[in-house]
file data-v5.cif (mmCIF, C-alpha atoms)
data_upload
loop_
_atom_site.group_PDB
_atom_site.id
_atom_site.type_symbol
_atom_site.label_atom_id
_atom_site.label_comp_id
_atom_site.auth_asym_id
_atom_site.auth_seq_id
_atom_site.Cartn_x
_atom_site.Cartn_y
_atom_site.Cartn_z
ATOM 1 C CA MET A 1 189.785 30.027 -92.357
ATOM 2 C CA GLY A 2 186.627 28.146 -91.343
ATOM 3 C CA ILE A 3 186.199 25.840 -88.360
ATOM 4 C CA ILE A 4 185.937 22.722 -90.543
ATOM 5 C CA LYS A 5 189.213 23.437 -92.344
ATOM 6 C CA GLN A 6 190.880 24.092 -88.978
ATOM 7 C CA LEU A 7 189.582 20.770 -87.656
ATOM 8 C CA PHE A 8 190.952 18.797 -90.573
ATOM 9 C CA ARG A 9 194.317 20.587 -90.544
ATOM 10 C CA SER A 10 194.974 19.963 -86.857
ATOM 11 C CA GLY A 11 196.238 16.590 -85.692
ATOM 12 C CA LYS A 12 194.061 13.998 -83.982
ATOM 13 C CA SER A 13 194.557 15.399 -80.459
ATOM 14 C CA GLY A 14 193.996 18.974 -81.677
ATOM 15 C CA ARG A 15 190.821 17.884 -83.483
ATOM 16 C CA GLU A 16 189.489 16.159 -80.340
ATOM 17 C CA ARG A 17 190.208 19.297 -78.273
ATOM 18 C CA GLU A 18 188.434 21.484 -80.835
ATOM 19 C CA VAL A 19 185.399 19.127 -80.965
ATOM 20 C CA ASP A 20 185.249 19.135 -77.146
ATOM 21 C CA ARG A 21 185.494 22.954 -77.162
ATOM 22 C CA LEU A 22 182.664 23.242 -79.717
ATOM 23 C CA TYR A 23 180.586 20.717 -77.784
ATOM 24 C CA GLU A 24 180.826 22.798 -74.609
ATOM 25 C CA LEU A 25 180.484 26.102 -76.476
ATOM 26 C CA TYR A 26 177.104 25.236 -78.035
ATOM 27 C CA LYS A 27 175.645 23.091 -75.256
ATOM 28 C CA ALA A 28 174.177 25.786 -72.949
ATOM 29 C CA PRO A 29 172.584 27.903 -75.724
ATOM 30 C CA PHE A 30 171.190 24.767 -77.414
ATOM 31 C CA VAL A 31 169.627 23.402 -74.209
ATOM 32 C CA SER A 32 168.241 26.841 -73.340
ATOM 33 C CA PHE A 33 166.768 27.152 -76.852
ATOM 34 C CA LEU A 34 164.987 23.766 -76.658
ATOM 35 C CA ARG A 35 163.661 24.470 -73.187
ATOM 36 C CA LYS A 36 162.264 27.881 -74.157
ATOM 37 C CA GLN A 37 160.988 27.079 -77.643
ATOM 38 C CA TYR A 38 159.664 23.557 -77.077
ATOM 39 C CA GLY A 39 159.146 23.284 -73.319
ATOM 40 C CA ILE A 40 161.421 20.249 -73.116
ATOM 41 C CA ASP A 41 162.892 19.348 -69.720
ATOM 42 C CA GLU A 42 166.629 19.814 -69.205
ATOM 43 C CA GLU A 43 167.541 16.125 -69.160
ATOM 44 C CA THR A 44 165.765 15.469 -72.460
ATOM 45 C CA ALA A 45 167.255 18.638 -73.960
ATOM 46 C CA LEU A 46 170.748 17.410 -72.994
ATOM 47 C CA ASP A 47 170.027 14.021 -74.591
ATOM 48 C CA LEU A 48 168.804 15.738 -77.749
ATOM 49 C CA TYR A 49 171.903 17.938 -77.753
ATOM 50 C CA GLN A 50 174.198 14.957 -77.532
ATOM 51 C CA ASP A 51 172.333 13.235 -80.356
ATOM 52 C CA SER A 52 172.279 16.411 -82.479
ATOM 53 C CA PHE A 53 175.983 17.096 -81.933
ATOM 54 C CA SER A 54 176.794 13.504 -82.878
ATOM 55 C CA THR A 55 174.746 13.884 -86.085
ATOM 56 C CA LEU A 56 176.564 17.170 -86.795
ATOM 57 C CA CYS A 57 179.956 15.458 -86.462
ATOM 58 C CA GLN A 58 178.866 12.615 -88.763
ATOM 59 C CA ASN A 59 177.554 15.090 -91.344
ATOM 60 C CA VAL A 60 180.829 17.044 -91.231
ATOM 61 C CA GLN A 61 182.875 13.861 -91.707
ATOM 62 C CA ASN A 62 180.614 12.620 -94.528
ATOM 63 C CA GLY A 63 180.791 15.971 -96.302
ATOM 64 C CA ASN A 64 177.057 16.638 -95.833
ATOM 65 C CA TYR A 65 177.836 20.000 -94.253
ATOM 66 C CA THR A 66 179.789 22.635 -96.109
ATOM 67 C CA GLU A 67 180.699 26.005 -94.720
ATOM 68 C CA GLY A 68 179.318 29.095 -96.319
ATOM 69 C CA HIS A 69 175.652 28.182 -96.579
ATOM 70 C CA THR A 70 175.038 28.396 -92.853
ATOM 71 C CA SER A 71 177.126 28.593 -89.697
ATOM 72 C CA LEU A 72 177.994 25.454 -87.771
ATOM 73 C CA LYS A 73 175.889 26.659 -84.822
ATOM 74 C CA THR A 74 172.842 27.337 -87.025
ATOM 75 C CA TYR A 75 173.266 23.940 -88.687
ATOM 76 C CA LEU A 76 173.445 22.259 -85.257
ATOM 77 C CA PHE A 77 170.304 24.071 -84.099
ATOM 78 C CA GLU A 78 168.450 23.003 -87.266
ATOM 79 C CA ILE A 79 169.355 19.381 -86.534
ATOM 80 C CA GLY A 80 168.217 19.912 -82.945
ATOM 81 C CA LYS A 81 164.888 21.417 -84.024
ATOM 82 C CA ARG A 82 164.130 18.365 -86.176
ATOM 83 C CA LYS A 83 165.080 15.982 -83.391
ATOM 84 C CA ALA A 84 163.041 17.963 -80.831
ATOM 85 C CA CYS A 85 159.967 17.955 -83.092
ATOM 86 C CA ASN A 86 160.313 14.206 -83.658
ATOM 87 C CA TRP A 87 160.728 13.633 -79.922
ATOM 88 C CA LEU A 88 157.679 15.763 -79.122
ATOM 89 C CA ARG A 89 155.588 13.983 -81.751
ATOM 90 C CA ARG A 90 156.598 10.540 -80.448
ATOM 91 C CA ASN A 91 156.149 11.567 -76.825
ATOM 92 C CA ARG A 92 152.738 13.166 -77.473
ATOM 93 C CA MET A 93 151.560 10.101 -79.418
ATOM 94 C CA GLU A 94 152.737 7.773 -76.636
ATOM 95 C CA LYS A 95 150.954 9.884 -74.010
ATOM 96 C CA GLU A 96 147.797 10.080 -76.091
ATOM 97 C CA GLN A 97 147.839 6.339 -76.756
ATOM 98 C CA SER A 98 148.441 5.627 -73.078
ATOM 99 C CA LEU A 99 145.655 7.961 -71.938
ATOM 100 C CA PHE A 100 143.315 6.646 -74.637
ATOM 101 C CA SER A 101 143.944 3.003 -73.747
ATOM 102 C CA GLU A 102 143.530 3.779 -70.017
ATOM 103 C CA TRP A 103 140.269 5.597 -70.773
ATOM 104 C CA ILE A 104 138.994 2.825 -73.048
ATOM 105 C CA THR A 105 139.948 0.120 -70.574
ATOM 106 C CA ALA A 106 138.369 1.966 -67.646
ATOM 107 C CA ASN A 107 135.205 2.699 -69.603
ATOM 108 C CA GLU A 108 134.966 -0.817 -71.002
ATOM 109 C CA ILE A 109 135.408 -2.309 -67.543
ATOM 110 C CA SER A 110 132.912 0.045 -65.932
ATOM 111 C CA ARG A 111 130.402 -0.395 -68.791
ATOM 112 C CA GLU A 112 130.792 -4.174 -68.673
ATOM 113 C CA TRP A 113 130.570 -4.151 -64.888
ATOM 114 C CA GLU A 114 127.391 -2.056 -64.918
ATOM 115 C CA GLU A 115 125.841 -4.280 -67.572
ATOM 116 C CA ALA A 116 126.840 -7.409 -65.650
ATOM 117 C CA GLN A 117 125.250 -5.992 -62.493
ATOM 118 C CA GLU A 118 122.020 -5.263 -64.361
ATOM 119 C CA ILE A 119 121.955 -8.791 -65.779
ATOM 120 C CA ALA A 120 122.601 -10.275 -62.329
ATOM 121 C CA ALA A 121 119.880 -8.124 -60.727
ATOM 122 C CA ARG A 122 117.340 -9.175 -63.388
ATOM 123 C CA LEU A 123 118.327 -12.803 -62.927
ATOM 124 C CA VAL A 124 117.854 -12.605 -59.154
ATOM 125 C CA GLN A 125 114.408 -11.044 -59.695
ATOM 126 C CA GLU A 126 113.457 -13.774 -62.158
ATOM 127 C CA THR A 127 114.685 -16.677 -60.035
ATOM 128 C CA GLU A 128 112.178 -18.828 -58.180
ATOM 129 C CA ASP A 129 110.834 -17.333 -54.964
ATOM 130 C CA ILE A 130 112.400 -19.916 -52.616
ATOM 131 C CA CYS A 131 115.916 -19.369 -54.003
ATOM 132 C CA ARG A 132 115.527 -15.598 -54.050
ATOM 133 C CA ARG A 133 114.421 -15.582 -50.407
ATOM 134 C CA VAL A 134 117.225 -17.914 -49.206
ATOM 135 C CA LEU A 135 119.900 -15.929 -51.054
ATOM 136 C CA THR A 136 118.466 -12.606 -49.897
ATOM 137 C CA PHE A 137 118.391 -13.701 -46.247
ATOM 138 C CA PHE A 138 121.945 -14.991 -46.337
ATOM 139 C CA TYR A 139 123.765 -12.529 -48.647
ATOM 140 C CA TRP A 140 121.837 -9.275 -48.364
ATOM 141 C CA GLU A 141 120.413 -9.425 -44.858
ATOM 142 C CA ARG A 142 123.477 -11.293 -43.563
ATOM 143 C CA LEU A 143 121.458 -13.789 -41.530
ATOM 144 C CA SER A 144 123.144 -16.942 -40.271
ATOM 145 C CA MET A 145 122.137 -20.326 -41.712
ATOM 146 C CA ALA A 146 120.189 -21.071 -38.523
ATOM 147 C CA GLU A 147 118.232 -17.800 -38.829
ATOM 148 C CA THR A 148 117.645 -18.445 -42.538
ATOM 149 C CA ALA A 149 116.330 -21.951 -41.732
ATOM 150 C CA GLU A 150 113.980 -20.524 -39.131
ATOM 151 C CA ARG A 151 112.594 -17.884 -41.536
ATOM 152 C CA MET A 152 112.165 -20.479 -44.309
ATOM 153 C CA ASN A 153 110.602 -23.052 -41.899
ATOM 154 C CA TYR A 154 113.350 -25.588 -42.624
ATOM 155 C CA LYS A 155 114.247 -28.419 -40.257
ATOM 156 C CA ASP A 156 117.747 -26.999 -39.467
ATOM 157 C CA ALA A 157 120.687 -24.928 -40.692
ATOM 158 C CA ASP A 158 122.040 -27.806 -42.820
ATOM 159 C CA VAL A 159 118.869 -27.863 -44.929
ATOM 160 C CA ALA A 160 119.120 -24.090 -45.434
ATOM 161 C CA LYS A 161 122.802 -24.434 -46.307
ATOM 162 C CA ASN A 162 122.094 -27.152 -48.915
ATOM 163 C CA LYS A 163 119.274 -25.088 -50.417
ATOM 164 C CA LYS A 164 121.505 -21.985 -50.541
ATOM 165 C CA SER A 165 124.299 -23.955 -52.274
ATOM 166 C CA SER A 166 121.897 -25.472 -54.786
ATOM 167 C CA CYS A 167 120.310 -22.097 -55.578
ATOM 168 C CA LEU A 168 123.662 -20.354 -55.822
ATOM 169 C CA ARG A 169 125.033 -23.015 -58.177
ATOM 170 C CA ARG A 170 122.003 -22.683 -60.508
ATOM 171 C CA LEU A 171 122.150 -18.892 -60.328
ATOM 172 C CA THR A 172 125.886 -18.921 -61.125
ATOM 173 C CA PHE A 173 125.445 -21.106 -64.204
ATOM 174 C CA ALA A 174 122.480 -19.027 -65.416
ATOM 175 C CA LEU A 175 124.461 -15.808 -64.853
ATOM 176 C CA GLN A 176 127.462 -17.176 -66.712
ATOM 177 C CA LYS A 177 125.258 -18.087 -69.691
ATOM 178 C CA ARG A 178 123.599 -14.642 -69.780
ATOM 179 C CA LEU A 179 126.940 -12.849 -69.507
ATOM 180 C CA GLU A 180 128.352 -14.905 -72.369
ATOM 181 C CA ASP A 181 125.238 -14.143 -74.426
ATOM 182 C CA ALA A 182 125.854 -10.431 -73.737
ATOM 183 C CA ASP A 183 129.524 -10.915 -74.787
ATOM 184 C CA ILE A 184 130.771 -10.154 -71.288
ATOM 185 C CA HIS A 185 133.549 -12.537 -70.416
ATOM 186 C CA TRP A 186 134.410 -13.260 -66.861
ATOM 187 C CA LYS A 187 136.616 -15.738 -65.119
ATOM 188 C CA ARG A 188 136.193 -17.108 -61.663
ATOM 189 C CA LYS A 189 139.215 -16.729 -59.430
ATOM 190 C CA GLU A 190 140.851 -20.039 -58.739
ATOM 191 C CA LYS A 191 141.167 -20.982 -55.093
ATOM 192 C CA LYS A 192 144.733 -21.258 -53.905
#
call {"tool": "encode", "arguments": {"input": "data-v5.cif", "output": "structure tokens"}}
result
Amino acid sequence: MGIIKQLFRSGKSGREREVDRLYELYKAPFVSFLRKQYGIDEETALDLYQDSFSTLCQNVQNGNYTEGHTSLKTYLFEIGKRKACNWLRRNRMEKEQSLFSEWITANEISREWEEAQEIAARLVQETEDICRRVLTFFYWERLSMAETAERMNYKDADVAKNKKSSCLRRLTFALQKRLEDADIHWKRKEKK
């Protein structure tokens, strides 16, 4: 007499005991099979086993499995193989999509950043001499406003500061326009 006939002949408690026995009987070989054949970690293999065993039970109840064509264990492993392949395909696609989007994002950012730097450098070179000198003294040479005023022959640090602000404002607007023309979008951080 086959396992399925035995299950349906026994009462509810006997059927539950037999299902529990089968569950435990096939679990270790199933998990070992998935780990060896597909390289799936133990936790995932256990999840796939639970899902496969549940599908097996549903198929038995629905009459989708009949004894004689294949053993219950073989049928369970076939279900497990399909579920493992689907899991691997989904997992690989998710990893590939994640890596691809990280790569694209990183490359887009670095490409945009490099292009933005080139545009800014050209703009600084093209700006009028007075502005270029004031900005260079203050930002690149790190001179104080008083030292910048002295080098530029300005009356005092306030004049140098006003000139720096005026030049920086014009440079910022010109840079923003050139970046937009190059389809590089940037947003200034809002002050808190």
call {"tool": "atom_distance", "arguments": {"input": "data-v5.cif", "atom1": "atom CA of A:Ile119", "atom2": "atom CA of A:Arg133"}}
result
18.4 Å
call {"tool": "atom_distance", "arguments": {"input": "data-v5.cif", "atom1": "atom CA of A:Gln125", "atom2": "atom CA of A:Glu180"}}
result
19.2 Å
call {"tool": "closest_residue", "arguments": {"input": "data-v5.cif", "among": "A:Lys161, A:Arg17, A:Arg90, A:Arg111", "to": "A:Ile184", "atoms": "only C-alpha atoms"}}
result
A:Arg111
call {"tool": "residues_around", "arguments": {"input": "data-v5.cif", "residues": "stretch 173-176 of chain A", "least_positions_apart": "6", "cutoff": "12 Å", "atoms": "all atoms listed in the file", "output": "PyMOL selection string"}}
result
chain A and resi 115-124+126-127+166-167+182-188
call {"tool": "resolve_selection", "arguments": {"input": "data-v5.cif", "expression": "the PyMOL selection byres ((chain A and resi 29) around 12)", "output": "list of chain:residue names"}}
result
A:Leu22, A:Tyr23, A:Glu24, A:Leu25, A:Tyr26, A:Lys27, A:Ala28, A:Phe30, A:Val31, A:Ser32, A:Phe33, A:Leu34, A:Arg35, A:Lys36, A:Gln37, A:Glu42, A:Ala45, A:Leu46, A:Tyr49, A:Lys73, A:Thr74, A:Leu76, A:Phe77, A:Gly80
call {"tool": "resolve_selection", "arguments": {"input": "data-v5.cif", "expression": "the PyMOL selection byres ((chain A and resi 152-156) around 12)", "output": "ChimeraX atom specification"}}
result
/A:129-138,143-151,157-164
call {"tool": "atom_distance", "arguments": {"input": "data-v5.cif", "atom1": "atom CA of A:Asp20", "atom2": "atom CA of A:Gly68"}}
result
22.4 Å
call {"tool": "decode", "arguments": {"input": "data-v5.cif", "residues": "stretch 134-149 of chain A", "atoms": "all heavy atoms", "output": "PDB file, in the first residue's frame"}}
result
ATOM      1  N   VAL A 134      41.171  87.898  -7.575  1.00  0.00           N
ATOM      2  CA  VAL A 134      40.582  87.976  -6.224  1.00  0.00           C
ATOM      3  C   VAL A 134      40.182  86.581  -5.743  1.00  0.00           C
ATOM      4  O   VAL A 134      40.496  86.187  -4.611  1.00  0.00           O
ATOM      5  CB  VAL A 134      39.362  88.933  -6.201  1.00  0.00           C
ATOM      6  CG1 VAL A 134      38.570  88.791  -4.909  1.00  0.00           C
ATOM      7  CG2 VAL A 134      39.802  90.372  -6.384  1.00  0.00           C
ATOM      8  N   LEU A 135      39.503  85.832  -6.602  1.00  0.00           N
ATOM      9  CA  LEU A 135      39.059  84.484  -6.220  1.00  0.00           C
ATOM     10  C   LEU A 135      40.241  83.545  -6.007  1.00  0.00           C
ATOM     11  O   LEU A 135      40.238  82.723  -5.093  1.00  0.00           O
ATOM     12  CB  LEU A 135      38.099  83.927  -7.280  1.00  0.00           C
ATOM     13  CG  LEU A 135      36.774  84.684  -7.421  1.00  0.00           C
ATOM     14  CD1 LEU A 135      35.979  84.154  -8.602  1.00  0.00           C
ATOM     15  CD2 LEU A 135      35.956  84.616  -6.138  1.00  0.00           C
ATOM     16  N   THR A 136      41.256  83.666  -6.821  1.00  0.00           N
ATOM     17  CA  THR A 136      42.449  82.828  -6.673  1.00  0.00           C
ATOM     18  C   THR A 136      43.157  83.128  -5.358  1.00  0.00           C
ATOM     19  O   THR A 136      43.535  82.200  -4.614  1.00  0.00           O
ATOM     20  CB  THR A 136      43.421  83.041  -7.857  1.00  0.00           C
ATOM     21  OG1 THR A 136      42.749  82.699  -9.061  1.00  0.00           O
ATOM     22  CG2 THR A 136      44.666  82.188  -7.717  1.00  0.00           C
ATOM     23  N   PHE A 137      43.328  84.408  -5.046  1.00  0.00           N
ATOM     24  CA  PHE A 137      43.990  84.771  -3.779  1.00  0.00           C
ATOM     25  C   PHE A 137      43.221  84.205  -2.590  1.00  0.00           C
ATOM     26  O   PHE A 137      43.816  83.648  -1.672  1.00  0.00           O
ATOM     27  CB  PHE A 137      44.111  86.294  -3.633  1.00  0.00           C
ATOM     28  CG  PHE A 137      45.109  86.926  -4.563  1.00  0.00           C
ATOM     29  CD1 PHE A 137      44.910  88.231  -5.022  1.00  0.00           C
ATOM     30  CD2 PHE A 137      46.242  86.252  -4.982  1.00  0.00           C
ATOM     31  CE1 PHE A 137      45.822  88.828  -5.873  1.00  0.00           C
ATOM     32  CE2 PHE A 137      47.171  86.848  -5.831  1.00  0.00           C
ATOM     33  CZ  PHE A 137      46.953  88.135  -6.283  1.00  0.00           C
ATOM     34  N   PHE A 138      41.904  84.388  -2.614  1.00  0.00           N
ATOM     35  CA  PHE A 138      41.121  83.987  -1.443  1.00  0.00           C
ATOM     36  C   PHE A 138      40.911  82.468  -1.365  1.00  0.00           C
ATOM     37  O   PHE A 138      41.140  81.862  -0.322  1.00  0.00           O
ATOM     38  CB  PHE A 138      39.763  84.700  -1.432  1.00  0.00           C
ATOM     39  CG  PHE A 138      38.970  84.416  -0.189  1.00  0.00           C
ATOM     40  CD1 PHE A 138      39.314  85.004   1.023  1.00  0.00           C
ATOM     41  CD2 PHE A 138      37.897  83.536  -0.211  1.00  0.00           C
ATOM     42  CE1 PHE A 138      38.589  84.717   2.187  1.00  0.00           C
ATOM     43  CE2 PHE A 138      37.175  83.248   0.929  1.00  0.00           C
ATOM     44  CZ  PHE A 138      37.519  83.844   2.124  1.00  0.00           C
ATOM     45  N   TYR A 139      40.470  81.834  -2.457  1.00  0.00           N
ATOM     46  CA  TYR A 139      40.102  80.414  -2.394  1.00  0.00           C
ATOM     47  C   TYR A 139      41.261  79.453  -2.625  1.00  0.00           C
ATOM     48  O   TYR A 139      41.329  78.402  -2.000  1.00  0.00           O
ATOM     49  CB  TYR A 139      38.976  80.111  -3.399  1.00  0.00           C
ATOM     50  CG  TYR A 139      37.653  80.701  -2.959  1.00  0.00           C
ATOM     51  CD1 TYR A 139      37.113  81.808  -3.607  1.00  0.00           C
ATOM     52  CD2 TYR A 139      36.961  80.174  -1.876  1.00  0.00           C
ATOM     53  CE1 TYR A 139      35.911  82.355  -3.193  1.00  0.00           C
ATOM     54  CE2 TYR A 139      35.770  80.719  -1.453  1.00  0.00           C
ATOM     55  CZ  TYR A 139      35.235  81.810  -2.118  1.00  0.00           C
ATOM     56  OH  TYR A 139      34.053  82.354  -1.690  1.00  0.00           O
ATOM     57  N   TRP A 140      42.168  79.764  -3.522  1.00  0.00           N
ATOM     58  CA  TRP A 140      43.237  78.823  -3.818  1.00  0.00           C
ATOM     59  C   TRP A 140      44.489  79.073  -2.980  1.00  0.00           C
ATOM     60  O   TRP A 140      45.103  78.146  -2.503  1.00  0.00           O
ATOM     61  CB  TRP A 140      43.595  78.850  -5.312  1.00  0.00           C
ATOM     62  CG  TRP A 140      42.601  78.052  -6.111  1.00  0.00           C
ATOM     63  CD1 TRP A 140      42.665  76.729  -6.393  1.00  0.00           C
ATOM     64  CD2 TRP A 140      41.404  78.531  -6.704  1.00  0.00           C
ATOM     65  NE1 TRP A 140      41.573  76.342  -7.127  1.00  0.00           N
ATOM     66  CE2 TRP A 140      40.775  77.444  -7.342  1.00  0.00           C
ATOM     67  CE3 TRP A 140      40.780  79.786  -6.774  1.00  0.00           C
ATOM     68  CZ2 TRP A 140      39.568  77.556  -8.026  1.00  0.00           C
ATOM     69  CZ3 TRP A 140      39.583  79.896  -7.462  1.00  0.00           C
ATOM     70  CH2 TRP A 140      38.997  78.786  -8.071  1.00  0.00           C
ATOM     71  N   GLU A 141      44.834  80.340  -2.820  1.00  0.00           N
ATOM     72  CA  GLU A 141      46.021  80.643  -2.007  1.00  0.00           C
ATOM     73  C   GLU A 141      45.687  80.832  -0.539  1.00  0.00           C
ATOM     74  O   GLU A 141      46.585  80.977   0.285  1.00  0.00           O
ATOM     75  CB  GLU A 141      46.719  81.882  -2.579  1.00  0.00           C
ATOM     76  CG  GLU A 141      47.290  81.619  -3.965  1.00  0.00           C
ATOM     77  CD  GLU A 141      48.051  82.814  -4.523  1.00  0.00           C
ATOM     78  OE1 GLU A 141      48.493  83.695  -3.732  1.00  0.00           O
ATOM     79  OE2 GLU A 141      48.211  82.874  -5.753  1.00  0.00           O
ATOM     80  N   ARG A 142      44.407  80.862  -0.230  1.00  0.00           N
ATOM     81  CA  ARG A 142      43.915  80.964   1.158  1.00  0.00           C
ATOM     82  C   ARG A 142      44.404  82.229   1.874  1.00  0.00           C
ATOM     83  O   ARG A 142      44.725  82.194   3.061  1.00  0.00           O
ATOM     84  CB  ARG A 142      44.304  79.734   1.958  1.00  0.00           C
ATOM     85  CG  ARG A 142      43.848  78.431   1.375  1.00  0.00           C
ATOM     86  CD  ARG A 142      42.534  78.065   1.954  1.00  0.00           C
ATOM     87  NE  ARG A 142      42.138  76.737   1.543  1.00  0.00           N
ATOM     88  CZ  ARG A 142      40.890  76.405   1.356  1.00  0.00           C
ATOM     89  NH1 ARG A 142      39.943  77.277   1.550  1.00  0.00           N
ATOM     90  NH2 ARG A 142      40.581  75.195   0.982  1.00  0.00           N
ATOM     91  N   LEU A 143      44.486  83.321   1.153  1.00  0.00           N
ATOM     92  CA  LEU A 143      44.870  84.590   1.777  1.00  0.00           C
ATOM     93  C   LEU A 143      43.658  85.183   2.485  1.00  0.00           C
ATOM     94  O   LEU A 143      42.525  84.968   2.079  1.00  0.00           O
ATOM     95  CB  LEU A 143      45.376  85.583   0.733  1.00  0.00           C
ATOM     96  CG  LEU A 143      46.610  85.180  -0.086  1.00  0.00           C
ATOM     97  CD1 LEU A 143      46.963  86.276  -1.085  1.00  0.00           C
ATOM     98  CD2 LEU A 143      47.792  84.886   0.821  1.00  0.00           C
ATOM     99  N   SER A 144      43.927  85.961   3.515  1.00  0.00           N
ATOM    100  CA  SER A 144      42.828  86.649   4.217  1.00  0.00           C
ATOM    101  C   SER A 144      42.328  87.785   3.334  1.00  0.00           C
ATOM    102  O   SER A 144      42.970  88.166   2.339  1.00  0.00           O
ATOM    103  CB  SER A 144      43.332  87.213   5.549  1.00  0.00           C
ATOM    104  OG  SER A 144      44.261  88.257   5.296  1.00  0.00           O
ATOM    105  N   MET A 145      41.216  88.401   3.695  1.00  0.00           N
ATOM    106  CA  MET A 145      40.675  89.519   2.926  1.00  0.00           C
ATOM    107  C   MET A 145      41.631  90.716   2.977  1.00  0.00           C
ATOM    108  O   MET A 145      41.800  91.418   1.974  1.00  0.00           O
ATOM    109  CB  MET A 145      39.295  89.931   3.451  1.00  0.00           C
ATOM    110  CG  MET A 145      38.173  88.997   3.027  1.00  0.00           C
ATOM    111  SD  MET A 145      37.705  89.214   1.309  1.00  0.00           S
ATOM    112  CE  MET A 145      38.531  87.903   0.499  1.00  0.00           C
ATOM    113  N   ALA A 146      42.286  90.895   4.126  1.00  0.00           N
ATOM    114  CA  ALA A 146      43.247  92.003   4.243  1.00  0.00           C
ATOM    115  C   ALA A 146      44.429  91.782   3.302  1.00  0.00           C
ATOM    116  O   ALA A 146      44.879  92.716   2.612  1.00  0.00           O
ATOM    117  CB  ALA A 146      43.731  92.134   5.686  1.00  0.00           C
ATOM    118  N   GLU A 147      44.953  90.553   3.243  1.00  0.00           N
ATOM    119  CA  GLU A 147      46.067  90.249   2.347  1.00  0.00           C
ATOM    120  C   GLU A 147      45.652  90.358   0.879  1.00  0.00           C
ATOM    121  O   GLU A 147      46.412  90.856   0.039  1.00  0.00           O
ATOM    122  CB  GLU A 147      46.594  88.831   2.616  1.00  0.00           C
ATOM    123  CG  GLU A 147      47.261  88.674   3.978  1.00  0.00           C
ATOM    124  CD  GLU A 147      47.530  87.222   4.328  1.00  0.00           C
ATOM    125  OE1 GLU A 147      46.625  86.374   4.120  1.00  0.00           O
ATOM    126  OE2 GLU A 147      48.640  86.933   4.817  1.00  0.00           O
ATOM    127  N   THR A 148      44.420  89.939   0.585  1.00  0.00           N
ATOM    128  CA  THR A 148      43.898  90.044  -0.780  1.00  0.00           C
ATOM    129  C   THR A 148      43.795  91.516  -1.176  1.00  0.00           C
ATOM    130  O   THR A 148      44.188  91.905  -2.285  1.00  0.00           O
ATOM    131  CB  THR A 148      42.519  89.350  -0.896  1.00  0.00           C
ATOM    132  OG1 THR A 148      42.674  87.964  -0.551  1.00  0.00           O
ATOM    133  CG2 THR A 148      41.945  89.442  -2.292  1.00  0.00           C
ATOM    134  N   ALA A 149      43.296  92.355  -0.253  1.00  0.00           N
ATOM    135  CA  ALA A 149      43.159  93.794  -0.526  1.00  0.00           C
ATOM    136  C   ALA A 149      44.524  94.411  -0.796  1.00  0.00           C
ATOM    137  O   ALA A 149      44.683  95.226  -1.718  1.00  0.00           O
ATOM    138  CB  ALA A 149      42.476  94.493   0.651  1.00  0.00           C
TER     139      ALA A 149
END
